[in-house]
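Step one of this worksheet: look at the structure below.
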Amino acid sequence: MLRSNPPFPIRRVVTMLMVMAIIGTLIFGVPAIVQAADPTGGDTLKANPSAGLNMAWTLLTGFLVWFMQLGFAFLGAGLIRSKNNVNYWTKSFMDFCISSLAFWAFGFAIMFGGSKLFPGLDNGNSFIGFSGFFLSGASYDVSTIMMWFFQMVFAATACTIVAGAVAERMKITAYLAYSFIIGALIYPVYGKWVWGGGWLSTLAIGDAVGARDFAGSGVVHMVGGLAALIGAWMVGPRIGKFNKDGTPNVIKGHNLPYVVIGTFILFFGWFGFNTGSTLAANDLRISIIAVNTFLAGVTGAIVALYWTFVKTGKMDIVMACNGTLVGLVAVTAPVAYIAPWAAVVIGATAVPVMMFTANFVERVLKVDDAVGAVPVHLGGGLWGLLMVGIFADGTYQGVTGLIGGTASQLVLQIIDIAAVFAWVAPTAFLTFWFIKKTMGLRASRKEELQGLDIPEHGIEAYPPEQEAVPASAPASE
């Protein structure tokens, strides 16, 4: 018997129309190209002979940060069940594509307009930028576009943090809609305040000027971690995660080697994340930044491994991986301003912060974070911002914390933390609320129990062996 035609997919049509409208705006809304600053690089190189070296350095480290996307994909995929792996890999691939396009069209201009850091970024104020949209006009410049690429991979990292927290139950259409909003607006506005010459970067208290976040403990990881917390709370826990009395159950992942592979890739990419933030190969502080990154990461792994060994008598490699990641997240803000011994302390102390945050999120807030993204990125990011105000030793850019005898920088860092919460929490809530009311946020109970791979993608990550069926065979029963 022939199968009946499925009902008219009105929601799919609406979703596709929205996507087409966005793409149309991006293509046809681009302003006419006017006189550009230096689209070939000849004038830039003539004015600064070292520009080529610094540009190559910045782009190469940006490539490393881009490669971290694969690390996030492996890590998250390993920590969830096999029936949702196609869905997770699709989200990890497509959130990068969508958020980066949003950052090209809108986010970069909002974040750096008015900073005057590079050509075409002249207009803006302390809260939002107004120039550099679509990398057109005067921002069609080799230096400006270099900066866009490096900042774009950071924006995509903040976006993809959310994928793990909401895994196994959020509809892919909802997740991809969120990805556009965070790349176009949520990430750039706060990023403007810290990195784009905004009010947090110029705020003065005592002898300290500006909240400092060298490579993004707050700008990238707290933004992504807080959005992940809001998203996981709004979409609700997975079926079976909590008992009737509110106690949590463990839902095991399906592939431990994926978790370790993902952690290795992320650790490797983090050297680009942190050292590349100098934007200059001839800034020889990169050696200290690289070593501080390494020491915090390995210390976090060791402390987490032995923490669980003392509690359970078992050497837990998953906890070691999470310890590495939280150590890396925490050192990302202070990494350029501290001595190596401080990086060890930061990596070690980030682990109990992660443990506390995980317990609070799961047992107090009753939020189901499928891969532990919130404790690592929100908890670790918050700790990293605080560490700038404590361990900065004054040897780089004059940033001095408590160990240098001043509390002014610590006060600025606390204000910075408050600003993250004040901006990201309500905007992330409104984003997910709007998506929930329009296209819907969560898959149906039937789809969740089956796994999202077949309902949303029509394929499985690990299909059983079966006989080949001719592609032209009629659909019949």
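Simple scheme: letters A, B, ... for chains in structure tokens order, numbers from 1 for residues in each chain, numbers from 1 for ligands in the order shown.
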
Spatial neighbours of Ala370 in chain A, max dist 12 Å, only C-alpha atoms, sep filter under 2 positions, as a ChimeraX atom specification: /A:75-81,84,88,161-170,228-229,231-233,235-239,241,248-253,358,361-362,367-368,372-375

Store the residues picked out above, limited to N, CA and C atoms, as a tab-separated table (two decimals), in the first residue's frame.
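Dumped everything to selection30.tsv:
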chain	number	residue	atom	x	y	z
A	75	LEU	N	34.06	16.43	21.83
A	75	LEU	CA	33.81	16.39	23.27
A	75	LEU	C	32.33	16.22	23.57
A	76	GLY	N	31.50	17.07	22.99
A	76	GLY	CA	30.07	16.99	23.26
A	76	GLY	C	29.45	15.72	22.74
A	77	ALA	N	29.84	15.29	21.55
A	77	ALA	CA	29.28	14.08	20.96
A	77	ALA	C	29.58	12.86	21.82
A	78	GLY	N	30.78	12.81	22.39
A	78	GLY	CA	31.12	11.68	23.23
A	78	GLY	C	30.36	11.62	24.53
A	79	LEU	N	29.93	12.78	25.02
A	79	LEU	CA	29.26	12.86	26.32
A	79	LEU	C	27.75	12.65	26.23
A	80	ILE	N	27.21	12.54	25.02
A	80	ILE	CA	25.77	12.30	24.87
A	80	ILE	C	25.53	10.92	24.27
A	81	ARG	N	24.27	10.52	24.18
A	81	ARG	CA	23.93	9.19	23.69
A	81	ARG	C	24.01	9.11	22.17
A	84	ASN	N	21.57	10.62	19.41
A	84	ASN	CA	21.50	12.07	19.16
A	84	ASN	C	22.77	12.61	18.52
A	88	TYR	N	23.81	16.37	17.09
A	88	TYR	CA	24.84	17.17	17.75
A	88	TYR	C	25.92	17.62	16.77
A	161	ILE	N	29.33	26.82	22.69
A	161	ILE	CA	29.30	26.35	24.09
A	161	ILE	C	27.90	25.91	24.47
A	162	VAL	N	26.90	26.56	23.90
A	162	VAL	CA	25.50	26.28	24.27
A	162	VAL	C	25.04	24.91	23.78
A	163	ALA	N	25.62	24.44	22.69
A	163	ALA	CA	25.16	23.19	22.08
A	163	ALA	C	25.16	22.02	23.06
A	164	GLY	N	26.21	21.92	23.87
A	164	GLY	CA	26.31	20.81	24.80
A	164	GLY	C	25.30	20.87	25.91
A	165	ALA	N	25.05	22.05	26.43
A	165	ALA	CA	24.14	22.19	27.57
A	165	ALA	C	22.71	21.82	27.20
A	166	VAL	N	22.29	22.11	25.98
A	166	VAL	CA	20.90	21.88	25.57
A	166	VAL	C	20.76	20.63	24.71
A	167	ALA	N	21.80	19.81	24.67
A	167	ALA	CA	21.81	18.63	23.79
A	167	ALA	C	20.71	17.64	24.14
A	168	GLU	N	20.29	16.93	23.14
A	168	GLU	CA	19.38	15.79	23.22
A	168	GLU	C	17.91	16.15	23.37
A	169	ARG	N	17.56	17.45	23.36
A	169	ARG	CA	16.14	17.78	23.43
A	169	ARG	C	15.77	19.09	22.75
A	170	MET	N	16.71	19.96	22.40
A	170	MET	CA	16.35	21.20	21.71
A	170	MET	C	16.24	20.97	20.21
A	228	ALA	N	24.23	29.30	27.86
A	228	ALA	CA	23.97	27.86	27.99
A	228	ALA	C	23.08	27.58	29.19
A	229	LEU	N	23.33	28.25	30.30
A	229	LEU	CA	22.52	28.06	31.50
A	229	LEU	C	21.07	28.47	31.25
A	231	GLY	N	19.53	28.75	28.33
A	231	GLY	CA	18.93	27.86	27.35
A	231	GLY	C	18.55	26.52	27.92
A	232	ALA	N	19.44	25.93	28.73
A	232	ALA	CA	19.16	24.62	29.34
A	232	ALA	C	18.00	24.72	30.33
A	233	TRP	N	17.90	25.83	31.04
A	233	TRP	CA	16.79	26.03	31.98
A	233	TRP	C	15.47	26.16	31.24
A	235	VAL	N	14.64	25.17	28.11
A	235	VAL	CA	14.22	24.00	27.34
A	235	VAL	C	13.82	22.85	28.26
A	236	GLY	N	14.27	22.89	29.51
A	236	GLY	CA	13.88	21.87	30.48
A	236	GLY	C	14.82	20.67	30.45
A	237	PRO	N	14.79	19.83	31.51
A	237	PRO	CA	15.68	18.68	31.58
A	237	PRO	C	15.28	17.56	30.63
A	238	ARG	N	16.23	16.72	30.29
A	238	ARG	CA	15.94	15.54	29.49
A	238	ARG	C	15.03	14.58	30.25
A	239	ILE	N	14.26	13.82	29.54
A	239	ILE	CA	13.39	12.82	30.15
A	239	ILE	C	14.26	11.83	30.93
A	241	LYS	N	16.12	12.59	33.59
A	241	LYS	CA	17.27	13.20	34.27
A	241	LYS	C	17.02	13.35	35.77
A	248	PRO	N	19.02	13.98	40.94
A	248	PRO	CA	19.41	13.75	39.54
A	248	PRO	C	19.89	12.32	39.29
A	249	ASN	N	19.73	11.89	38.07
A	249	ASN	CA	20.28	10.62	37.59
A	249	ASN	C	21.41	10.90	36.61
A	250	VAL	N	22.31	9.96	36.50
A	250	VAL	CA	23.41	10.08	35.54
A	250	VAL	C	22.96	9.50	34.21
A	251	ILE	N	23.09	10.27	33.15
A	251	ILE	CA	22.83	9.80	31.79
A	251	ILE	C	24.17	9.72	31.08
A	252	LYS	N	24.65	8.51	30.88
A	252	LYS	CA	26.01	8.33	30.39
A	252	LYS	C	26.12	8.61	28.89
A	253	GLY	N	27.29	9.13	28.51
A	253	GLY	CA	27.60	9.31	27.11
A	253	GLY	C	27.94	8.00	26.44
A	358	ALA	N	28.88	23.00	39.29
A	358	ALA	CA	28.15	21.84	38.78
A	358	ALA	C	27.10	21.37	39.78
A	361	VAL	N	24.21	24.03	39.93
A	361	VAL	CA	23.36	24.03	38.75
A	361	VAL	C	22.42	22.82	38.75
A	362	GLU	N	22.97	21.66	39.09
A	362	GLU	CA	22.18	20.43	38.99
A	362	GLU	C	21.27	20.20	40.20
A	367	VAL	N	18.80	22.34	36.84
A	367	VAL	CA	19.01	22.53	35.41
A	367	VAL	C	19.84	21.37	34.88
A	368	ASP	N	19.42	20.80	33.77
A	368	ASP	CA	20.10	19.67	33.15
A	368	ASP	C	21.07	20.19	32.09
A	372	GLY	N	28.05	19.40	30.93
A	372	GLY	CA	28.82	20.15	31.92
A	372	GLY	C	29.42	21.43	31.38
A	373	ALA	N	28.76	22.06	30.42
A	373	ALA	CA	29.29	23.29	29.82
A	373	ALA	C	29.25	24.46	30.78
A	374	VAL	N	28.20	24.54	31.59
A	374	VAL	CA	28.04	25.70	32.48
A	374	VAL	C	29.13	25.75	33.55
A	375	PRO	N	29.41	24.66	34.27
A	375	PRO	CA	30.48	24.73	35.27
A	375	PRO	C	31.85	25.09	34.69

Could you name the residues that touch range 146-154 of chain A at 10 Å or less, counting only C-alpha atoms, but leaving out those on the same chain fewer than 6 positions away, as a VMD selection string? chain A and resid 55 to 56 58 to 69 96 99 to 104 107 to 109 111 to 112 117 to 118 132 135 139 183 187 to 188 191 215 to 216 219 to 221 272 to 273 276 to 277 279

Selected residue, from A:Val371, A:Ala392, A:Ile128, A:Leu385, that lies nearest to Ala336 in chain A when counting only C-alpha atoms: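 Smallest distance to Ala336 in chain A is found for A:Ala392.
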
For the atom pair CA of Gly129 in chain A and CA of Leu386 in chain A, what is the interatomic distance in Å to one decimal place?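 Spanning CA of Gly129 in chain A to CA of Leu386 in chain A is a straight-line distance of 27.1 Å.
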
Using only C-alpha atoms, tabulate the residues of range 242-339 of chain A lying at most 12 Å from any atom of range 404-419 of chain A, each with its closest atom pair and that distance in Å to one decimal, by chain and increasing residue number, as a tab-separated table.
residue	atom	partner	partner_atom	distance
A:Ala333	CA	A:Gln413	CA	10.3
A:Pro334	CA	A:Gln413	CA	10.9
A:Tyr337	CA	A:Gly404	CA	11.6
A:Ile338	CA	A:Gly404	CA	11.0

When you draw a straight line from CA of Pro49 in chain A to CA of Val142 in chain A, how long is it in Å?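 Distance between the two atoms: 14.3 Å.
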
Give me the residues near range 458-463 of chain A as a ChimeraX atom specification, where near means some atom within 12 Å (using only C-alpha atoms) and where sequence neighbours in that chain fewer than 5 positions away do not count. /A:77,81-90,254-255,447,450-453

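The residue set within 9 Å of range 36-40 of chain A, counting only C-alpha atoms and dropping same-chain residues fewer than 4 places from it, reads Thr44, Pro119, Gly120, Ser136, Gly137, Ala138, Ser139, Tyr140, Asp141, Val142 and Ser143 of chain A.
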
Which residues, written as a PDB file with N, CA and C atoms, in the first residue's frame, have at least one atom at most 12 Å from Trp341 in chain A, with only C-alpha atoms counted and residues fewer than 6 positions away on the same chain left out?
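Resulting contents of result-v1.pdb:
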ATOM      1  N   ILE A 288      55.496  33.550  27.415  1.00  0.00           N
ATOM      2  CA  ILE A 288      54.913  33.430  28.752  1.00  0.00           C
ATOM      3  C   ILE A 288      53.440  33.067  28.660  1.00  0.00           C
ATOM      4  N   VAL A 291      53.170  29.316  27.915  1.00  0.00           N
ATOM      5  CA  VAL A 291      53.516  28.486  29.073  1.00  0.00           C
ATOM      6  C   VAL A 291      52.438  28.583  30.152  1.00  0.00           C
ATOM      7  N   ASN A 292      51.921  29.777  30.389  1.00  0.00           N
ATOM      8  CA  ASN A 292      50.841  29.934  31.368  1.00  0.00           C
ATOM      9  C   ASN A 292      49.601  29.140  30.967  1.00  0.00           C
ATOM     10  N   THR A 293      49.304  29.145  29.669  1.00  0.00           N
ATOM     11  CA  THR A 293      48.179  28.359  29.157  1.00  0.00           C
ATOM     12  C   THR A 293      48.394  26.881  29.453  1.00  0.00           C
ATOM     13  N   PHE A 294      49.569  26.401  29.135  1.00  0.00           N
ATOM     14  CA  PHE A 294      49.888  24.986  29.344  1.00  0.00           C
ATOM     15  C   PHE A 294      49.828  24.601  30.825  1.00  0.00           C
ATOM     16  N   LEU A 295      50.442  25.391  31.665  1.00  0.00           N
ATOM     17  CA  LEU A 295      50.511  25.050  33.095  1.00  0.00           C
ATOM     18  C   LEU A 295      49.129  25.022  33.738  1.00  0.00           C
ATOM     19  N   ALA A 296      48.270  25.965  33.388  1.00  0.00           N
ATOM     20  CA  ALA A 296      46.923  25.977  33.960  1.00  0.00           C
ATOM     21  C   ALA A 296      46.135  24.753  33.505  1.00  0.00           C
ATOM     22  N   THR A 299      47.579  21.486  35.220  1.00  0.00           N
ATOM     23  CA  THR A 299      47.294  21.513  36.656  1.00  0.00           C
ATOM     24  C   THR A 299      45.825  21.199  36.922  1.00  0.00           C
ATOM     25  N   VAL A 331      42.363  30.601  33.042  1.00  0.00           N
ATOM     26  CA  VAL A 331      43.611  31.337  32.814  1.00  0.00           C
ATOM     27  C   VAL A 331      43.512  32.257  31.603  1.00  0.00           C
ATOM     28  N   VAL A 335      46.004  35.448  31.504  1.00  0.00           N
ATOM     29  CA  VAL A 335      47.161  34.710  31.011  1.00  0.00           C
ATOM     30  C   VAL A 335      48.365  35.581  30.665  1.00  0.00           C
ATOM     31  N   GLY A 347      44.891  27.292  37.742  1.00  0.00           N
ATOM     32  CA  GLY A 347      44.414  26.008  37.247  1.00  0.00           C
ATOM     33  C   GLY A 347      43.942  25.096  38.354  1.00  0.00           C
ATOM     34  N   ALA A 348      44.650  25.120  39.480  1.00  0.00           N
ATOM     35  CA  ALA A 348      44.280  24.263  40.616  1.00  0.00           C
ATOM     36  C   ALA A 348      42.990  24.729  41.280  1.00  0.00           C
ATOM     37  N   PHE A 391      46.129  38.250  40.690  1.00  0.00           N
ATOM     38  CA  PHE A 391      47.481  37.782  40.382  1.00  0.00           C
ATOM     39  C   PHE A 391      48.237  38.599  39.337  1.00  0.00           C
ATOM     40  N   ALA A 392      47.611  39.576  38.701  1.00  0.00           N
ATOM     41  CA  ALA A 392      48.351  40.399  37.742  1.00  0.00           C
ATOM     42  C   ALA A 392      49.524  41.072  38.454  1.00  0.00           C
ATOM     43  N   ASP A 393      50.726  40.915  37.904  1.00  0.00           N
ATOM     44  CA  ASP A 393      51.929  41.348  38.629  1.00  0.00           C
ATOM     45  C   ASP A 393      52.517  42.662  38.140  1.00  0.00           C
TER      46      ASP A 393
END

Rounded to one decimal, what separation in Å do you get between CA of Val318 in chain A and CA of Ser179 in chain A?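 Here the two named atoms are 27.3 Å from each other.
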
What residues in range 369-448 of chain A get the DSSP label alpha helix (DSSP H)? Please answer as a short mmCIF file (atom, residue, chain, number, x, y, z; two decimals) with C-alpha atoms, in the first residue's frame.
data_model
loop_
_atom_site.label_atom_id
_atom_site.label_comp_id
_atom_site.auth_asym_id
_atom_site.auth_seq_id
_atom_site.Cartn_x
_atom_site.Cartn_y
_atom_site.Cartn_z
CA ALA A 373 29.29 23.29 29.82
CA GLY A 380 35.72 28.98 35.05
CA GLY A 381 35.20 32.24 33.18
CA LEU A 382 34.01 34.07 36.28
CA TRP A 383 37.00 32.77 38.21
CA GLY A 384 39.35 33.90 35.44
CA LEU A 385 38.07 37.48 35.51
CA LEU A 386 38.60 37.61 39.26
CA MET A 387 42.13 36.22 38.94
CA VAL A 388 43.21 39.22 36.89
CA GLY A 389 42.49 41.44 39.89
CA ILE A 390 44.42 39.14 42.22
CA PHE A 391 47.48 37.78 40.38
CA SER A 408 41.49 48.80 42.10
CA GLN A 409 41.80 46.24 39.32
CA LEU A 410 39.84 43.68 41.33
CA VAL A 411 36.98 46.15 41.72
CA LEU A 412 36.95 46.68 37.95
CA GLN A 413 36.85 42.93 37.38
CA ILE A 414 33.86 42.56 39.71
CA ILE A 415 32.03 45.32 37.81
CA ASP A 416 32.85 43.45 34.61
CA ILE A 417 31.30 40.24 35.98
CA ALA A 418 28.15 42.12 36.96
CA ALA A 419 27.95 43.58 33.45
CA VAL A 420 28.07 40.13 31.85
CA PHE A 421 25.11 38.95 33.93
CA ALA A 422 23.19 42.19 33.42
CA TRP A 423 23.45 41.97 29.63
CA VAL A 424 23.54 38.27 28.72
CA ALA A 425 20.95 36.85 31.13
CA PRO A 426 17.99 38.98 29.97
CA THR A 427 18.93 38.98 26.28
CA ALA A 428 19.46 35.21 26.22
CA PHE A 429 16.15 34.75 28.05
CA LEU A 430 14.29 36.95 25.56
CA THR A 431 15.94 35.14 22.64
CA PHE A 432 14.94 31.67 23.81
CA TRP A 433 11.51 32.90 24.90
CA PHE A 434 10.83 34.38 21.47
CA ILE A 435 12.00 31.21 19.72
CA LYS A 436 9.82 29.12 22.04
CA LYS A 437 6.75 31.21 21.22
CA THR A 438 7.33 31.16 17.47
CA ARG A 445 8.47 13.53 23.84
CA LYS A 446 8.28 10.85 21.15
CA GLU A 447 11.20 12.36 19.23
CA GLU A 448 13.31 12.73 22.35
#

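Take the candidates A:Ala51, A:Leu402, A:Ile454, A:Ala443 and check each one against Ala174 in chain A using only C-alpha atoms; the shortest distance goes to A:Ala443.
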
Could you give me, as a list in words, the residues within 7 Å of Asp316 in chain A, counting only C-alpha atoms and dropping anything in the same chain fewer than 4 positions from it? Leu305, Thr308 and Ala320 of chain A

Based on the selection just made, write N, CA and C atoms of those residues as an mmCIF file, in the first residue's frame.
data_model
loop_
_atom_site.group_PDB
_atom_site.id
_atom_site.type_symbol
_atom_site.label_atom_id
_atom_site.label_comp_id
_atom_site.auth_asym_id
_atom_site.auth_seq_id
_atom_site.Cartn_x
_atom_site.Cartn_y
_atom_site.Cartn_z
ATOM 1 N N LEU A 305 41.643 14.937 38.552
ATOM 2 C CA LEU A 305 41.831 13.481 38.600
ATOM 3 C C LEU A 305 41.981 12.986 40.031
ATOM 4 N N THR A 308 38.763 13.309 42.321
ATOM 5 C CA THR A 308 37.819 12.193 42.208
ATOM 6 C C THR A 308 38.416 10.894 42.743
ATOM 7 N N ALA A 320 39.246 14.468 34.557
ATOM 8 C CA ALA A 320 40.541 15.059 34.211
ATOM 9 C C ALA A 320 40.394 15.982 33.005
#

Between A:Thr395, A:Ser217, A:Tyr175, A:Val194, which one has atoms that come closest to Gly440 in chain A, using only C-alpha atoms?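 Going through A:Thr395, A:Ser217, A:Tyr175, A:Val194 one by one, the smallest distance to Gly440 in chain A is for A:Tyr175.
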
Contact check, range 297-391 of chain A to range 260-268 of chain A, at most 9 Å, counting only C-alpha atoms, closest pairs as a Markdown table:
| residue | atom | partner | partner_atom | distance |
| --- | --- | --- | --- | --- |
| A:Gly297 | CA | A:Phe267 | CA | 7.5 |
| A:Ile317 | CA | A:Val260 | CA | 7.9 |
| A:Val318 | CA | A:Val260 | CA | 7.6 |
| A:Cys321 | CA | A:Thr263 | CA | 6.1 |
| A:Asn322 | CA | A:Thr263 | CA | 8.3 |
| A:Thr324 | CA | A:Thr263 | CA | 7.9 |
| A:Leu325 | CA | A:Thr263 | CA | 7.4 |
| A:Leu328 | CA | A:Phe267 | CA | 7.8 |

Once you have the residues from the selection above, write them out as a short mmCIF file (atom, residue, chain, number, x, y, z; two decimals), in the first residue's frame, restricted to N, CA and C atoms.
data_model
loop_
_atom_site.label_atom_id
_atom_site.label_comp_id
_atom_site.auth_asym_id
_atom_site.auth_seq_id
_atom_site.Cartn_x
_atom_site.Cartn_y
_atom_site.Cartn_z
N GLY A 297 46.29 24.37 32.24
CA GLY A 297 45.56 23.23 31.72
C GLY A 297 45.98 21.91 32.37
N ILE A 317 38.94 9.76 33.87
CA ILE A 317 39.52 10.54 32.79
C ILE A 317 38.58 11.66 32.34
N VAL A 318 37.26 11.46 32.45
CA VAL A 318 36.33 12.51 32.07
C VAL A 318 36.51 13.73 32.98
N CYS A 321 39.62 15.55 32.01
CA CYS A 321 39.39 16.39 30.83
C CYS A 321 38.68 17.68 31.21
N ASN A 322 37.65 17.57 32.04
CA ASN A 322 36.94 18.78 32.49
C ASN A 322 37.85 19.68 33.31
N THR A 324 41.10 20.01 32.90
CA THR A 324 41.92 20.71 31.92
C THR A 324 41.18 21.90 31.33
N LEU A 325 39.93 21.66 30.94
CA LEU A 325 39.18 22.71 30.27
C LEU A 325 38.89 23.89 31.20
N LEU A 328 41.99 25.92 31.62
CA LEU A 328 42.24 26.76 30.44
C LEU A 328 41.30 27.95 30.38
#
